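Student: Sharing query-v5.pdb, PDB, C-alpha atoms:
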```pdb
MODEL        1
ATOM      1  CA  MET S 225     119.354-129.373  71.478  1.00  0.00           C
ATOM      2  CA  GLN S 226     116.819-128.515  68.780  1.00  0.00           C
ATOM      3  CA  LYS S 227     115.500-132.097  68.775  1.00  0.00           C
ATOM      4  CA  PHE S 228     114.920-131.831  72.523  1.00  0.00           C
ATOM      5  CA  GLN S 229     113.056-128.512  72.081  1.00  0.00           C
ATOM      6  CA  ALA S 230     110.980-130.010  69.251  1.00  0.00           C
ATOM      7  CA  ILE S 231     110.007-132.976  71.452  1.00  0.00           C
ATOM      8  CA  ILE S 232     109.073-130.674  74.337  1.00  0.00           C
ATOM      9  CA  PHE S 233     107.050-128.464  71.989  1.00  0.00           C
ATOM     10  CA  ALA S 234     105.228-131.489  70.529  1.00  0.00           C
ATOM     11  CA  MET S 235     104.380-132.786  74.011  1.00  0.00           C
ATOM     12  CA  ILE S 236     103.039-129.387  75.060  1.00  0.00           C
ATOM     13  CA  ALA S 237     100.984-129.045  71.862  1.00  0.00           C
ATOM     14  CA  MET S 238      99.438-132.491  72.310  1.00  0.00           C
ATOM     15  CA  SER S 239      98.501-131.775  75.920  1.00  0.00           C
ATOM     16  CA  PHE S 240      96.246-128.882  74.854  1.00  0.00           C
ATOM     17  CA  THR S 241      94.132-130.722  72.292  1.00  0.00           C
ATOM     18  CA  GLY S 242      91.053-130.335  74.475  1.00  0.00           C
ATOM     19  CA  VAL S 243      88.298-132.733  75.395  1.00  0.00           C
ATOM     20  CA  PRO S 244      87.058-134.718  72.418  1.00  0.00           C
ATOM     21  CA  CYS S 245      83.401-134.279  71.567  1.00  0.00           C
ATOM     22  CA  THR S 246      81.374-137.423  71.924  1.00  0.00           C
ATOM     23  CA  ASN S 247      77.978-137.958  70.390  1.00  0.00           C
ATOM     24  CA  GLU S 248      77.444-141.391  71.908  1.00  0.00           C
ATOM     25  CA  MET S 249      76.384-140.108  75.321  1.00  0.00           C
ATOM     26  CA  ILE S 250      72.630-140.235  74.668  1.00  0.00           C
ATOM     27  CA  LEU S 251      71.700-143.658  73.345  1.00  0.00           C
ATOM     28  CA  GLU S 252      67.959-143.547  73.982  1.00  0.00           C
ATOM     29  CA  THR S 253      65.248-140.915  74.021  1.00  0.00           C
ATOM     30  CA  LYS S 254      65.296-139.013  77.314  1.00  0.00           C
ATOM     31  CA  ILE S 255      62.561-136.730  78.568  1.00  0.00           C
ATOM     32  CA  TYR S 256      63.621-134.184  81.171  1.00  0.00           C
ATOM     33  CA  GLY S 257      61.038-132.305  83.214  1.00  0.00           C
ATOM     34  CA  THR S 258      60.201-131.094  86.688  1.00  0.00           C
ATOM     35  CA  CYS S 259      59.664-133.532  89.534  1.00  0.00           C
ATOM     36  CA  GLY S 260      57.204-132.525  92.232  1.00  0.00           C
ATOM     37  CA  CYS S 261      57.433-133.098  95.960  1.00  0.00           C
ATOM     38  CA  GLY S 262      57.948-136.711  96.962  1.00  0.00           C
ATOM     39  CA  ASN S 263      59.367-137.545  93.515  1.00  0.00           C
ATOM     40  CA  ASN S 264      55.950-137.231  91.857  1.00  0.00           C
ATOM     41  CA  VAL S 265      55.934-135.978  88.298  1.00  0.00           C
ATOM     42  CA  GLU S 266      53.708-132.986  87.713  1.00  0.00           C
ATOM     43  CA  ALA S 267      50.623-133.952  85.735  1.00  0.00           C
ATOM     44  CA  ASP S 268      51.070-131.011  83.362  1.00  0.00           C
ATOM     45  CA  LEU S 269      54.773-130.430  82.716  1.00  0.00           C
ATOM     46  CA  LYS S 270      55.469-126.711  82.403  1.00  0.00           C
ATOM     47  CA  ILE S 271      59.043-127.173  81.195  1.00  0.00           C
ATOM     48  CA  GLU S 272      60.063-130.208  79.187  1.00  0.00           C
ATOM     49  CA  LEU S 273      63.130-131.159  77.138  1.00  0.00           C
ATOM     50  CA  THR S 274      63.102-134.298  74.997  1.00  0.00           C
ATOM     51  CA  ILE S 275      66.459-135.416  73.601  1.00  0.00           C
ATOM     52  CA  ASN S 276      66.460-138.120  70.931  1.00  0.00           C
ATOM     53  CA  PRO S 277      69.382-140.335  69.870  1.00  0.00           C
ATOM     54  CA  ASP S 278      69.028-139.114  66.261  1.00  0.00           C
ATOM     55  CA  HIS S 279      70.263-135.683  67.478  1.00  0.00           C
ATOM     56  CA  SER S 280      66.840-134.052  67.399  1.00  0.00           C
ATOM     57  CA  PHE S 281      65.200-132.346  70.369  1.00  0.00           C
ATOM     58  CA  HIS S 282      61.959-130.722  71.463  1.00  0.00           C
ATOM     59  CA  TYR S 283      62.007-127.997  74.155  1.00  0.00           C
ATOM     60  CA  ARG S 284      58.788-126.635  75.615  1.00  0.00           C
ATOM     61  CA  ASN S 285      58.487-123.994  78.335  1.00  0.00           C
ATOM     62  CA  VAL S 286      54.997-122.759  79.175  1.00  0.00           C
ATOM     63  CA  SER S 287      55.780-121.572  82.702  1.00  0.00           C
ATOM     64  CA  ASN S 288      55.197-117.968  81.586  1.00  0.00           C
ATOM     65  CA  PRO S 289      51.873-117.896  79.670  1.00  0.00           C
ATOM     66  CA  SER S 290      52.697-114.582  77.991  1.00  0.00           C
ATOM     67  CA  LYS S 291      56.031-115.894  76.652  1.00  0.00           C
ATOM     68  CA  LYS S 292      55.568-119.541  75.662  1.00  0.00           C
ATOM     69  CA  VAL S 293      58.522-121.346  74.085  1.00  0.00           C
ATOM     70  CA  ASP S 294      58.141-124.384  71.831  1.00  0.00           C
ATOM     71  CA  VAL S 295      61.291-125.183  69.850  1.00  0.00           C
ATOM     72  CA  LYS S 296      62.383-128.178  67.801  1.00  0.00           C
ATOM     73  CA  GLY S 297      65.790-128.663  66.269  1.00  0.00           C
ATOM     74  CA  HIS S 298      69.066-130.534  66.535  1.00  0.00           C
ATOM     75  CA  TRP S 299      71.489-130.979  69.426  1.00  0.00           C
ATOM     76  CA  SER S 300      75.219-131.641  69.652  1.00  0.00           C
ATOM     77  CA  MET S 301      77.651-132.463  72.449  1.00  0.00           C
ATOM     78  CA  ASN S 302      80.411-130.067  73.456  1.00  0.00           C
ATOM     79  CA  SER S 303      82.413-131.756  76.240  1.00  0.00           C
ATOM     80  CA  ASN S 304      79.762-132.380  78.929  1.00  0.00           C
ATOM     81  CA  MET S 305      77.340-129.800  77.537  1.00  0.00           C
ATOM     82  CA  VAL S 306      74.349-130.426  75.296  1.00  0.00           C
ATOM     83  CA  VAL S 307      74.033-127.540  72.835  1.00  0.00           C
ATOM     84  CA  LEU S 308      70.613-127.061  71.243  1.00  0.00           C
ATOM     85  CA  LYS S 309      70.151-125.374  67.880  1.00  0.00           C
ATOM     86  CA  GLY S 310      66.558-124.607  67.033  1.00  0.00           C
ATOM     87  CA  ASP S 311      65.150-124.803  63.531  1.00  0.00           C
ATOM     88  CA  ASP S 312      63.766-121.285  64.040  1.00  0.00           C
ATOM     89  CA  ALA S 313      66.787-118.959  63.988  1.00  0.00           C
ATOM     90  CA  GLU S 314      64.934-116.149  65.792  1.00  0.00           C
ATOM     91  CA  SER S 315      63.907-118.130  68.867  1.00  0.00           C
ATOM     92  CA  THR S 316      65.744-117.400  72.098  1.00  0.00           C
ATOM     93  CA  PHE S 317      65.712-120.116  74.721  1.00  0.00           C
ATOM     94  CA  HIS S 318      67.979-122.061  77.075  1.00  0.00           C
ATOM     95  CA  ASN S 319      70.230-123.681  74.489  1.00  0.00           C
ATOM     96  CA  GLU S 320      73.162-124.882  76.636  1.00  0.00           C
ATOM     97  CA  TRP S 321      72.540-127.673  79.138  1.00  0.00           C
ATOM     98  CA  LYS S 322      75.008-129.325  81.492  1.00  0.00           C
ATOM     99  CA  PHE S 323      74.585-132.782  83.016  1.00  0.00           C
ATOM    100  CA  ASP S 324      74.785-133.411  86.755  1.00  0.00           C
ATOM    101  CA  LYS S 325      77.453-135.799  88.019  1.00  0.00           C
ATOM    102  CA  ASN S 326      75.073-138.782  87.994  1.00  0.00           C
ATOM    103  CA  GLN S 327      73.503-137.613  84.686  1.00  0.00           C
ATOM    104  CA  LEU S 328      69.942-137.949  85.992  1.00  0.00           C
ATOM    105  CA  CYS S 329      69.373-134.211  85.790  1.00  0.00           C
ATOM    106  CA  ILE S 330      70.303-131.487  83.346  1.00  0.00           C
ATOM    107  CA  GLN S 331      70.633-127.777  84.119  1.00  0.00           C
ATOM    108  CA  SER S 332      70.857-124.515  82.234  1.00  0.00           C
ATOM    109  CA  ARG S 333      71.491-120.878  83.033  1.00  0.00           C
ATOM    110  CA  LYS S 334      70.617-117.869  80.936  1.00  0.00           C
ATOM    111  CA  GLY S 335      71.451-114.661  82.758  1.00  0.00           C
ATOM    112  CA  LEU S 336      69.937-114.973  86.223  1.00  0.00           C
ATOM    113  CA  TYR S 337      67.334-117.540  85.132  1.00  0.00           C
ATOM    114  CA  PHE S 338      68.293-121.077  86.156  1.00  0.00           C
ATOM    115  CA  ILE S 339      66.444-124.242  85.114  1.00  0.00           C
ATOM    116  CA  ARG S 340      67.088-127.748  86.425  1.00  0.00           C
ATOM    117  CA  LEU S 341      65.230-130.661  84.850  1.00  0.00           C
ATOM    118  CA  CYS S 342      65.450-134.326  85.800  1.00  0.00           C
ATOM    119  CA  ASP S 343      64.891-137.520  83.847  1.00  0.00           C
ATOM    120  CA  ILE S 344      61.170-138.244  84.138  1.00  0.00           C
ATOM    121  CA  GLU S 345      61.833-141.975  84.581  1.00  0.00           C
ATOM    122  CA  SER S 346      63.963-141.296  87.677  1.00  0.00           C
ATOM    123  CA  CYS S 347      61.127-139.290  89.273  1.00  0.00           C
ATOM    124  CA  ASN S 348      58.919-142.378  89.630  1.00  0.00           C
TER     125      ASN S 348
ENDMDL
END
```
Could I get this file's structure written as structure tokens?
Tutor:
Amino acid sequence: MQKFQAIIFAMIAMSFTGVPCTNEMILETKIYGTCGCGNNVEADLKIELTINPDHSFHYRNVSNPSKKVDVKGHWSMNSNMVVLKGDDAESTFHNEWKFDKNQLCIQSRKGLYFIRLCDIESCN
């Protein structure tokens, strides 16, 4: 009976191992920004996120001139989320981004402030 309980316990423990983190999702440099009406890219991007395959990123948000954000650092994958960690420890910005189903766009929420950025190449 104890062998049966041990097998059941092992099966339950293995079923809760979680989703493995994968770092192979982004294989080329992607630039996410805002697409205008008619799929035209804005000439001057107010919000831009560049994700590089070497796990570096550059996030720029100048939509509020009195509170400009320009952060560089490193990113990591946590399930289907991209987690950004800026080199400047004091900077506060949208650091958790989730991919859409088709992975053309990426979105973030911080409190009641939502941002959705799309791959600039798909806007053309």
Student: Just give me the gap between atom CA of Ile344 of chain S and atom CA of Trp299 of chain S in Å, one decimal is fine.
Tutor: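 If I compute the distance from atom CA of Ile344 of chain S to atom CA of Trp299 of chain S, I get 19.4 Å.
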Student: Which residue out of S:Val307, S:Val295, S:Ile271, S:Val286 has the minimum interatomic distance to Ile339 of chain S when all atoms listed in the file are used?
Tutor: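 Nearest to Ile339 of chain S: S:Ile271.
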Student: Determine the residue membership of the PyMOL selection byres ((chain S and resi 322-331) around 9) for the file above and supply it as an mmCIF file with C-alpha atoms, in the coordinates of the input.
Tutor:
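selection_37.cif, written as the output of this step:
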```
data_model
loop_
_atom_site.group_PDB
_atom_site.id
_atom_site.type_symbol
_atom_site.label_atom_id
_atom_site.label_comp_id
_atom_site.auth_asym_id
_atom_site.auth_seq_id
_atom_site.Cartn_x
_atom_site.Cartn_y
_atom_site.Cartn_z
ATOM 1 C CA TYR S 256 63.621 -134.184 81.171
ATOM 2 C CA GLY S 257 61.038 -132.305 83.214
ATOM 3 C CA ASN S 304 79.762 -132.380 78.929
ATOM 4 C CA MET S 305 77.340 -129.800 77.537
ATOM 5 C CA VAL S 306 74.349 -130.426 75.296
ATOM 6 C CA VAL S 307 74.033 -127.540 72.835
ATOM 7 C CA GLU S 320 73.162 -124.882 76.636
ATOM 8 C CA TRP S 321 72.540 -127.673 79.138
ATOM 9 C CA SER S 332 70.857 -124.515 82.234
ATOM 10 C CA ARG S 333 71.491 -120.878 83.033
ATOM 11 C CA PHE S 338 68.293 -121.077 86.156
ATOM 12 C CA ILE S 339 66.444 -124.242 85.114
ATOM 13 C CA ARG S 340 67.088 -127.748 86.425
ATOM 14 C CA LEU S 341 65.230 -130.661 84.850
ATOM 15 C CA CYS S 342 65.450 -134.326 85.800
ATOM 16 C CA ASP S 343 64.891 -137.520 83.847
ATOM 17 C CA ILE S 344 61.170 -138.244 84.138
ATOM 18 C CA SER S 346 63.963 -141.296 87.677
#
```
Student: Go ahead and compute the interatomic distance for atom CA of Gly310 of chain S and atom CA of Thr274 of chain S, in Å to one decimal.
Tutor: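 Here the two named atoms are 13.0 Å from each other.
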Student: Which one is closest to Cys259 of chain S: S:Ile275, S:Val293, S:Cys347, S:Met301? Count all atoms listed in the file.
Tutor: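 Result for the nearest residue to Cys259 of chain S: S:Cys347.
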Student: I need the residue set behind the PyMOL selection byres ((chain S and resi 283) around 7) for this file; please write it as number ranges by chain.
Tutor: S: 272-274, 281-282, 284-285, 294-296
Student: Do you know which residues are at most 7 Å from Asn276 of chain S counting all atoms listed in the file, after dropping those on the same chain fewer than 2 positions away, and could you put them as a list in words?
Tutor: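 Once the adjacent positions are removed, what remains is Glu252, Thr253, Lys254, Thr274, Asp278, His279, Ser280 and Phe281 of chain S.
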Student: Hey, can you check how far atom CA of Ser287 of chain S sits from atom CA of Ser300 of chain S?
Tutor: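 Distance between the two atoms: 25.5 Å.
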